[in-house]
Amino acid sequence: MDIIQTHDAPAAIGPYSQAVRVGPFLYTSGQIPLTKEGNLVEGGISEQVAQVFANLDAVLKAGGATREQVVKATIFMTDLAEFQVVNEACASFFGEHRPARSTVQVAALPRGARVEIELIAYRG
């Protein structure tokens with residue numbers, strides 16, 4: 001098992017790793033819309049989900065994986081009324097690739113974020 005850490009994404013805000021690589025699998029921790037400096041990105045859901053995907057790109061790269069190797073995405077949102085914006089961001093991020101995905105509404109997310117996304121990638 002390898003612990004993945006990159007300075008190109010915000011540091012973990014608790015006792016966990018940005019990602020863990022086990023064999024050919026890479027498991028990212030949920031990313032919220034924090035900048036590399038740890039500040040919540042300003043703006044609405046569009047800006048927040050764009051920052052989340054930028055963070056995930058950095059963590060995937062650090063773990064030796066790509067977007068095309070993502071097999072599962074789990075999305076946590078505080079308001080499913082904003083689902084269409086997040087869905088369009090997913091389509092843009094993944095292109096023609098279509099990983100499995102779950103999306104759930106939650107009561108709240110850390111730091112007042114509106115969206116959090118975690119990924120599982122297969123590097124085999």
# chains A, B, ... in the order shown; residues from 1 in each chain; ligands from 1
$ residues_around --residues "region 79-82 of chain A" --least-positions-apart "6" --cutoff "10 Å" --atoms "only C-alpha atoms" --output "PyMOL selection string"
chain A and resi 44-46+103-108+114-115
$ residues_around --residues "region 16-21 of chain A" --least-positions-apart "5" --cutoff "9 Å" --atoms "only C-alpha atoms" --output "PyMOL selection string"
chain A and resi 1-6+9-11+26-31+59-60+62-63
$ select_by_dssp --residues "chain A" --states "helix (DSSP H, G or I)" --output "ChimeraX atom specification"
/A:45-62,67-69,80-94,110-112
$ write_last_selection --atoms "C-alpha atoms" --output "PDB file, in the first residue's frame"
ATOM      1  CA  ILE A  45     -21.453  25.397  -7.862  1.00  0.00           C
ATOM      2  CA  SER A  46     -19.751  25.777 -11.281  1.00  0.00           C
ATOM      3  CA  GLU A  47     -16.596  27.212  -9.740  1.00  0.00           C
ATOM      4  CA  GLN A  48     -16.691  24.707  -6.897  1.00  0.00           C
ATOM      5  CA  VAL A  49     -16.981  21.614  -9.073  1.00  0.00           C
ATOM      6  CA  ALA A  50     -14.254  22.926 -11.415  1.00  0.00           C
ATOM      7  CA  GLN A  51     -11.894  23.245  -8.436  1.00  0.00           C
ATOM      8  CA  VAL A  52     -12.813  19.763  -7.205  1.00  0.00           C
ATOM      9  CA  PHE A  53     -11.944  18.264 -10.592  1.00  0.00           C
ATOM     10  CA  ALA A  54      -8.660  20.228 -10.739  1.00  0.00           C
ATOM     11  CA  ASN A  55      -7.777  18.775  -7.335  1.00  0.00           C
ATOM     12  CA  LEU A  56      -8.720  15.276  -8.438  1.00  0.00           C
ATOM     13  CA  ASP A  57      -6.631  15.605 -11.599  1.00  0.00           C
ATOM     14  CA  ALA A  58      -3.599  16.473  -9.453  1.00  0.00           C
ATOM     15  CA  VAL A  59      -4.193  13.553  -7.079  1.00  0.00           C
ATOM     16  CA  LEU A  60      -4.754  11.109  -9.959  1.00  0.00           C
ATOM     17  CA  LYS A  61      -1.514  12.254 -11.592  1.00  0.00           C
ATOM     18  CA  ALA A  62       0.412  11.905  -8.325  1.00  0.00           C
ATOM     19  CA  ARG A  67      -9.168  10.280 -15.897  1.00  0.00           C
ATOM     20  CA  GLU A  68      -9.638   7.469 -18.391  1.00  0.00           C
ATOM     21  CA  GLN A  69      -8.691   4.929 -15.707  1.00  0.00           C
ATOM     22  CA  LEU A  80     -29.471  18.136  -5.819  1.00  0.00           C
ATOM     23  CA  ALA A  81     -31.187  21.064  -7.538  1.00  0.00           C
ATOM     24  CA  GLU A  82     -27.633  21.853  -8.754  1.00  0.00           C
ATOM     25  CA  PHE A  83     -27.220  18.340 -10.203  1.00  0.00           C
ATOM     26  CA  GLN A  84     -27.365  19.447 -13.849  1.00  0.00           C
ATOM     27  CA  VAL A  85     -24.342  21.745 -13.412  1.00  0.00           C
ATOM     28  CA  VAL A  86     -22.345  18.958 -11.758  1.00  0.00           C
ATOM     29  CA  ASN A  87     -23.490  16.457 -14.389  1.00  0.00           C
ATOM     30  CA  GLU A  88     -22.257  18.761 -17.179  1.00  0.00           C
ATOM     31  CA  ALA A  89     -18.920  19.214 -15.365  1.00  0.00           C
ATOM     32  CA  CYS A  90     -18.584  15.422 -15.141  1.00  0.00           C
ATOM     33  CA  ALA A  91     -19.239  15.084 -18.866  1.00  0.00           C
ATOM     34  CA  SER A  92     -16.592  17.700 -19.581  1.00  0.00           C
ATOM     35  CA  PHE A  93     -14.044  16.161 -17.188  1.00  0.00           C
ATOM     36  CA  PHE A  94     -14.434  12.572 -18.398  1.00  0.00           C
ATOM     37  CA  PRO A 110     -16.693  20.303   5.328  1.00  0.00           C
ATOM     38  CA  ARG A 111     -15.870  24.015   5.159  1.00  0.00           C
ATOM     39  CA  GLY A 112     -19.311  24.850   3.755  1.00  0.00           C
TER      40      GLY A 112
END
$ atom_distance --atom1 "CA of Ala73 (chain A)" --atom2 "CA of Leu119 (chain A)"
4.6 Å
$ residues_around --residues "Arg101 (chain A)" --least-positions-apart "4" --cutoff "8 Å" --atoms "only C-alpha atoms" --output "list in words"
Lys72, Ala73, Thr74 and Ile75 of chain A
$ closest_residue --among "A:Thr66, A:Ser102, A:Thr78, A:Thr35" --to "Asp8 (chain A)" --atoms "only C-alpha atoms"
A:Thr35
$ residues_around --residues "Pro24 (chain A)" --least-positions-apart "4" --cutoff "7 Å" --atoms "only C-alpha atoms" --output "ChimeraX atom specification"
/A:122-124
$ write_last_selection --atoms "all heavy atoms" --output "PDB file, in the first residue's frame"
ATOM      1  N   TYR A 122      -8.449   2.315 -11.779  1.00  0.00           N
ATOM      2  CA  TYR A 122      -7.779   1.024 -12.000  1.00  0.00           C
ATOM      3  C   TYR A 122      -6.629   1.268 -12.962  1.00  0.00           C
ATOM      4  O   TYR A 122      -6.833   1.676 -14.100  1.00  0.00           O
ATOM      5  CB  TYR A 122      -8.752   0.005 -12.570  1.00  0.00           C
ATOM      6  CG  TYR A 122      -8.119  -1.330 -12.862  1.00  0.00           C
ATOM      7  CD1 TYR A 122      -7.750  -2.169 -11.811  1.00  0.00           C
ATOM      8  CD2 TYR A 122      -7.876  -1.735 -14.169  1.00  0.00           C
ATOM      9  CE1 TYR A 122      -7.160  -3.402 -12.069  1.00  0.00           C
ATOM     10  CE2 TYR A 122      -7.286  -2.964 -14.429  1.00  0.00           C
ATOM     11  CZ  TYR A 122      -6.926  -3.787 -13.378  1.00  0.00           C
ATOM     12  OH  TYR A 122      -6.340  -5.001 -13.629  1.00  0.00           O
ATOM     13  N   ARG A 123      -5.413   1.037 -12.495  1.00  0.00           N
ATOM     14  CA  ARG A 123      -4.216   1.336 -13.271  1.00  0.00           C
ATOM     15  C   ARG A 123      -3.657   0.100 -13.977  1.00  0.00           C
ATOM     16  O   ARG A 123      -2.509   0.093 -14.395  1.00  0.00           O
ATOM     17  CB  ARG A 123      -3.151   1.931 -12.351  1.00  0.00           C
ATOM     18  CG  ARG A 123      -3.615   3.178 -11.634  1.00  0.00           C
ATOM     19  CD  ARG A 123      -2.720   3.598 -10.478  1.00  0.00           C
ATOM     20  NE  ARG A 123      -1.311   3.441 -10.761  1.00  0.00           N
ATOM     21  CZ  ARG A 123      -0.523   2.501 -10.234  1.00  0.00           C
ATOM     22  NH1 ARG A 123      -1.007   1.622  -9.390  1.00  0.00           N
ATOM     23  NH2 ARG A 123       0.746   2.433 -10.557  1.00  0.00           N
ATOM     24  N   GLY A 124      -4.449  -0.927 -14.137  1.00  0.00           N
ATOM     25  CA  GLY A 124      -3.976  -2.205 -14.700  1.00  0.00           C
ATOM     26  C   GLY A 124      -3.914  -2.226 -16.200  1.00  0.00           C
ATOM     27  O   GLY A 124      -4.229  -1.350 -16.916  1.00  0.00           O
TER      28      GLY A 124
END
$ atom_distance --atom1 "CA of Leu40 (chain A)" --atom2 "CA of Gly64 (chain A)"
26.3 Å
$ atom_distance --atom1 "CA of Ile120 (chain A)" --atom2 "CA of Val70 (chain A)"
5.7 Å
$ select_by_dssp --residues "chain A" --states "strand (DSSP E)" --output "CSV table (one decimal) with all heavy atoms, in the first residue's frame"
chain,number,residue,atom,x,y,z
A,2,ASP,N,0.6,2.2,-0.9
A,2,ASP,CA,1.3,3.4,-1.0
A,2,ASP,C,0.4,4.6,-0.7
A,2,ASP,O,-0.7,4.7,-1.2
A,2,ASP,CB,1.9,3.6,-2.4
A,2,ASP,CG,2.8,2.5,-2.8
A,2,ASP,OD1,3.7,2.2,-2.0
A,2,ASP,OD2,2.6,1.9,-3.9
A,3,ILE,N,0.9,5.5,0.2
A,3,ILE,CA,0.2,6.7,0.5
A,3,ILE,C,0.6,7.8,-0.6
A,3,ILE,O,1.8,8.0,-0.9
A,3,ILE,CB,0.6,7.3,1.9
A,3,ILE,CG1,0.3,6.2,2.9
A,3,ILE,CG2,-0.1,8.6,2.2
A,3,ILE,CD1,-1.2,5.7,3.0
A,4,ILE,N,-0.4,8.4,-1.2
A,4,ILE,CA,-0.2,9.4,-2.2
A,4,ILE,C,-0.4,10.8,-1.7
A,4,ILE,O,-1.4,11.1,-1.0
A,4,ILE,CB,-1.1,9.2,-3.4
A,4,ILE,CG1,-1.1,7.7,-3.9
A,4,ILE,CG2,-0.9,10.2,-4.5
A,4,ILE,CD1,0.3,7.3,-4.4
A,19,ALA,N,-4.8,10.2,-1.2
A,19,ALA,CA,-5.1,9.0,-1.9
A,19,ALA,C,-4.3,7.8,-1.4
A,19,ALA,O,-3.2,8.0,-0.8
A,19,ALA,CB,-4.9,9.1,-3.4
A,20,VAL,N,-4.7,6.6,-1.7
A,20,VAL,CA,-4.0,5.4,-1.3
A,20,VAL,C,-4.0,4.5,-2.6
A,20,VAL,O,-5.0,4.3,-3.2
A,20,VAL,CB,-4.7,4.7,-0.1
A,20,VAL,CG1,-4.0,3.4,0.1
A,20,VAL,CG2,-4.7,5.6,1.1
A,21,ARG,N,-2.8,4.0,-2.9
A,21,ARG,CA,-2.7,3.1,-4.0
A,21,ARG,C,-2.5,1.7,-3.5
A,21,ARG,O,-1.6,1.5,-2.6
A,21,ARG,CB,-1.5,3.5,-4.9
A,21,ARG,CG,-1.4,2.7,-6.2
A,21,ARG,CD,-0.3,3.2,-7.1
A,21,ARG,NE,0.9,3.5,-6.4
A,21,ARG,CZ,1.7,4.6,-6.5
A,21,ARG,NH1,1.3,5.5,-7.4
A,21,ARG,NH2,2.8,4.8,-5.9
A,22,VAL,N,-3.3,0.7,-3.9
A,22,VAL,CA,-3.2,-0.7,-3.5
A,22,VAL,C,-3.2,-1.5,-4.7
A,22,VAL,O,-4.2,-1.5,-5.4
A,22,VAL,CB,-4.4,-1.1,-2.5
A,22,VAL,CG1,-4.3,-2.5,-2.1
A,22,VAL,CG2,-4.5,-0.2,-1.3
A,25,PHE,N,-5.1,-0.4,-8.0
A,25,PHE,CA,-6.2,0.5,-7.7
A,25,PHE,C,-5.7,1.7,-7.0
A,25,PHE,O,-4.8,1.7,-6.1
A,25,PHE,CB,-7.2,-0.2,-6.8
A,25,PHE,CG,-8.0,-1.2,-7.6
A,25,PHE,CD1,-7.7,-2.5,-7.5
A,25,PHE,CD2,-9.1,-0.8,-8.3
A,25,PHE,CE1,-8.5,-3.5,-8.2
A,25,PHE,CE2,-9.9,-1.7,-9.0
A,25,PHE,CZ,-9.5,-3.1,-9.0
A,26,LEU,N,-6.3,2.9,-7.3
A,26,LEU,CA,-6.0,4.1,-6.6
A,26,LEU,C,-7.3,4.6,-6.1
A,26,LEU,O,-8.3,4.8,-6.8
A,26,LEU,CB,-5.4,5.2,-7.6
A,26,LEU,CG,-5.2,6.5,-7.0
A,26,LEU,CD1,-4.0,6.5,-6.0
A,26,LEU,CD2,-4.9,7.6,-8.1
A,27,TYR,N,-7.4,4.9,-4.8
A,27,TYR,CA,-8.6,5.4,-4.1
A,27,TYR,C,-8.3,6.8,-3.6
A,27,TYR,O,-7.4,7.0,-2.8
A,27,TYR,CB,-8.9,4.5,-2.9
A,27,TYR,CG,-9.1,3.0,-3.2
A,27,TYR,CD1,-8.1,2.1,-3.3
A,27,TYR,CD2,-10.4,2.6,-3.4
A,27,TYR,CE1,-8.3,0.8,-3.6
A,27,TYR,CE2,-10.6,1.2,-3.7
A,27,TYR,CZ,-9.5,0.4,-3.8
A,27,TYR,OH,-9.8,-1.0,-4.1
A,28,THR,N,-9.0,7.7,-4.2
A,28,THR,CA,-8.8,9.1,-3.7
A,28,THR,C,-9.7,9.4,-2.6
A,28,THR,O,-10.8,8.8,-2.5
A,28,THR,CB,-9.1,10.2,-4.8
A,28,THR,OG1,-10.5,10.3,-5.0
A,28,THR,CG2,-8.4,9.8,-6.1
A,70,VAL,N,-10.4,6.0,-14.4
A,70,VAL,CA,-11.4,6.0,-13.3
A,70,VAL,C,-12.5,5.0,-13.6
A,70,VAL,O,-13.1,5.0,-14.6
A,70,VAL,CB,-11.9,7.5,-13.1
A,70,VAL,CG1,-13.1,7.5,-12.1
A,70,VAL,CG2,-10.8,8.4,-12.7
A,71,VAL,N,-12.8,4.2,-12.6
A,71,VAL,CA,-13.8,3.2,-12.7
A,71,VAL,C,-15.1,3.5,-11.9
A,71,VAL,O,-16.2,3.0,-12.2
A,71,VAL,CB,-13.4,1.8,-12.3
A,71,VAL,CG1,-12.3,1.3,-13.3
A,71,VAL,CG2,-12.8,1.7,-10.9
A,72,LYS,N,-14.9,4.4,-10.9
A,72,LYS,CA,-16.1,4.8,-10.1
A,72,LYS,C,-15.9,6.1,-9.5
A,72,LYS,O,-14.8,6.5,-9.0
A,72,LYS,CB,-16.2,3.8,-8.9
A,72,LYS,CG,-17.3,4.0,-7.9
A,72,LYS,CD,-18.7,3.8,-8.5
A,72,LYS,CE,-19.8,3.7,-7.5
A,72,LYS,NZ,-20.1,4.8,-6.6
A,73,ALA,N,-16.9,6.9,-9.6
A,73,ALA,CA,-17.0,8.3,-9.0
A,73,ALA,C,-18.2,8.3,-8.0
A,73,ALA,O,-19.2,7.8,-8.3
A,73,ALA,CB,-17.2,9.3,-10.0
A,74,THR,N,-17.9,8.9,-6.8
A,74,THR,CA,-19.0,9.1,-5.9
A,74,THR,C,-19.0,10.6,-5.6
A,74,THR,O,-18.0,11.2,-5.3
A,74,THR,CB,-18.7,8.3,-4.5
A,74,THR,OG1,-18.6,7.0,-4.9
A,74,THR,CG2,-19.9,8.5,-3.6
A,75,ILE,N,-20.2,11.2,-5.8
A,75,ILE,CA,-20.4,12.6,-5.7
A,75,ILE,C,-21.4,12.9,-4.5
A,75,ILE,O,-22.5,12.3,-4.4
A,75,ILE,CB,-21.0,13.2,-7.0
A,75,ILE,CG1,-20.1,12.9,-8.1
A,75,ILE,CG2,-21.3,14.7,-6.8
A,75,ILE,CD1,-20.7,13.2,-9.5
A,76,PHE,N,-21.0,13.8,-3.6
A,76,PHE,CA,-21.8,14.2,-2.5
A,76,PHE,C,-22.1,15.7,-2.8
A,76,PHE,O,-21.3,16.5,-3.0
A,76,PHE,CB,-21.0,14.1,-1.2
A,76,PHE,CG,-20.5,12.7,-1.0
A,76,PHE,CD1,-19.2,12.4,-1.4
A,76,PHE,CD2,-21.2,11.8,-0.4
A,76,PHE,CE1,-18.7,11.2,-1.2
A,76,PHE,CE2,-20.7,10.5,-0.2
A,76,PHE,CZ,-19.4,10.2,-0.6
A,77,MET,N,-23.4,16.0,-2.7
A,77,MET,CA,-23.9,17.4,-3.0
A,77,MET,C,-24.8,17.8,-1.8
A,77,MET,O,-25.5,17.0,-1.3
A,77,MET,CB,-24.6,17.5,-4.3
A,77,MET,CG,-23.8,17.1,-5.5
A,77,MET,SD,-24.8,17.1,-7.0
A,77,MET,CE,-25.3,18.8,-7.1
A,100,ALA,N,-18.6,4.2,-13.6
A,100,ALA,CA,-19.8,4.1,-12.8
A,100,ALA,C,-19.8,5.3,-11.8
A,100,ALA,O,-18.8,5.9,-11.6
A,100,ALA,CB,-19.6,2.8,-12.0
A,101,ARG,N,-21.0,5.6,-11.4
A,101,ARG,CA,-21.1,6.8,-10.6
A,101,ARG,C,-22.3,6.7,-9.7
A,101,ARG,O,-23.4,6.2,-10.0
A,101,ARG,CB,-21.3,8.0,-11.5
A,101,ARG,CG,-21.3,9.4,-10.7
A,101,ARG,CD,-21.3,10.5,-11.7
A,101,ARG,NE,-22.7,10.8,-12.1
A,101,ARG,CZ,-23.0,11.7,-13.0
A,101,ARG,NH1,-22.1,12.4,-13.6
A,101,ARG,NH2,-24.3,11.9,-13.3
A,102,SER,N,-22.2,7.3,-8.5
A,102,SER,CA,-23.3,7.5,-7.5
A,102,SER,C,-23.3,9.0,-7.1
A,102,SER,O,-22.2,9.6,-7.0
A,102,SER,CB,-23.1,6.6,-6.3
A,102,SER,OG,-23.0,5.3,-6.6
A,103,THR,N,-24.5,9.5,-7.0
A,103,THR,CA,-24.6,10.9,-6.5
A,103,THR,C,-25.6,10.9,-5.4
A,103,THR,O,-26.7,10.4,-5.5
A,103,THR,CB,-25.1,11.8,-7.6
A,103,THR,OG1,-24.1,11.7,-8.7
A,103,THR,CG2,-25.1,13.3,-7.2
A,104,VAL,N,-25.2,11.5,-4.2
A,104,VAL,CA,-26.1,11.6,-3.1
A,104,VAL,C,-26.2,13.0,-2.5
A,104,VAL,O,-25.2,13.7,-2.6
A,104,VAL,CB,-25.8,10.6,-2.0
A,104,VAL,CG1,-25.9,9.1,-2.5
A,104,VAL,CG2,-24.4,10.8,-1.5
A,105,GLN,N,-27.3,13.3,-2.0
A,105,GLN,CA,-27.4,14.6,-1.3
A,105,GLN,C,-27.1,14.4,0.2
A,105,GLN,O,-27.6,13.4,0.8
A,105,GLN,CB,-28.8,15.2,-1.5
A,105,GLN,CG,-29.0,16.6,-0.8
A,105,GLN,CD,-30.2,17.3,-1.2
A,105,GLN,OE1,-30.6,17.3,-2.4
A,105,GLN,NE2,-30.9,17.9,-0.2
A,115,VAL,N,-20.1,20.6,-2.9
A,115,VAL,CA,-19.8,19.4,-3.6
A,115,VAL,C,-18.5,18.8,-3.1
A,115,VAL,O,-17.6,19.5,-2.8
A,115,VAL,CB,-19.8,19.6,-5.1
A,115,VAL,CG1,-18.7,20.6,-5.5
A,115,VAL,CG2,-19.8,18.3,-5.9
A,116,GLU,N,-18.5,17.5,-3.1
A,116,GLU,CA,-17.3,16.7,-2.8
A,116,GLU,C,-17.4,15.5,-3.7
A,116,GLU,O,-18.4,14.9,-3.9
A,116,GLU,CB,-17.3,16.2,-1.3
A,116,GLU,CG,-16.1,15.4,-0.9
A,116,GLU,CD,-16.1,15.1,0.6
A,116,GLU,OE1,-16.8,15.7,1.4
A,116,GLU,OE2,-15.3,14.2,0.9
A,117,ILE,N,-16.2,15.1,-4.2
A,117,ILE,CA,-16.1,14.0,-5.1
A,117,ILE,C,-14.9,13.1,-4.8
A,117,ILE,O,-13.9,13.6,-4.5
A,117,ILE,CB,-16.0,14.4,-6.6
A,117,ILE,CG1,-17.2,15.3,-7.0
A,117,ILE,CG2,-15.9,13.2,-7.6
A,117,ILE,CD1,-17.1,15.9,-8.4
A,118,GLU,N,-15.2,11.8,-4.8
A,118,GLU,CA,-14.1,10.8,-4.6
A,118,GLU,C,-14.1,9.9,-5.8
A,118,GLU,O,-15.1,9.6,-6.4
A,118,GLU,CB,-14.2,10.1,-3.3
A,118,GLU,CG,-15.5,9.2,-3.2
A,118,GLU,CD,-15.6,8.5,-1.8
A,118,GLU,OE1,-15.2,9.1,-0.8
A,118,GLU,OE2,-16.2,7.4,-1.8
A,119,LEU,N,-12.9,9.4,-6.1
A,119,LEU,CA,-12.7,8.5,-7.3
A,119,LEU,C,-12.0,7.2,-6.9
A,119,LEU,O,-11.2,7.2,-6.0
A,119,LEU,CB,-11.9,9.2,-8.4
A,119,LEU,CG,-12.4,10.6,-8.9
A,119,LEU,CD1,-11.4,11.2,-9.9
A,119,LEU,CD2,-13.8,10.4,-9.5
A,120,ILE,N,-12.3,6.2,-7.7
A,120,ILE,CA,-11.5,5.0,-7.7
A,120,ILE,C,-11.0,4.8,-9.1
A,120,ILE,O,-11.8,4.8,-10.1
A,120,ILE,CB,-12.3,3.7,-7.3
A,120,ILE,CG1,-12.9,4.0,-5.8
A,120,ILE,CG2,-11.5,2.5,-7.3
A,120,ILE,CD1,-13.9,2.9,-5.4
A,121,ALA,N,-9.7,4.6,-9.3
A,121,ALA,CA,-9.1,4.3,-10.6
A,121,ALA,C,-8.4,3.0,-10.6
A,121,ALA,O,-7.9,2.5,-9.6
A,121,ALA,CB,-8.1,5.4,-10.9
A,122,TYR,N,-8.4,2.3,-11.8
A,122,TYR,CA,-7.8,1.0,-12.0
A,122,TYR,C,-6.6,1.3,-13.0
A,122,TYR,O,-6.8,1.7,-14.1
A,122,TYR,CB,-8.8,0.0,-12.6
A,122,TYR,CG,-8.1,-1.3,-12.9
A,122,TYR,CD1,-7.7,-2.2,-11.8
A,122,TYR,CD2,-7.9,-1.7,-14.2
A,122,TYR,CE1,-7.2,-3.4,-12.1
A,122,TYR,CE2,-7.3,-3.0,-14.4
A,122,TYR,CZ,-6.9,-3.8,-13.4
A,122,TYR,OH,-6.3,-5.0,-13.6
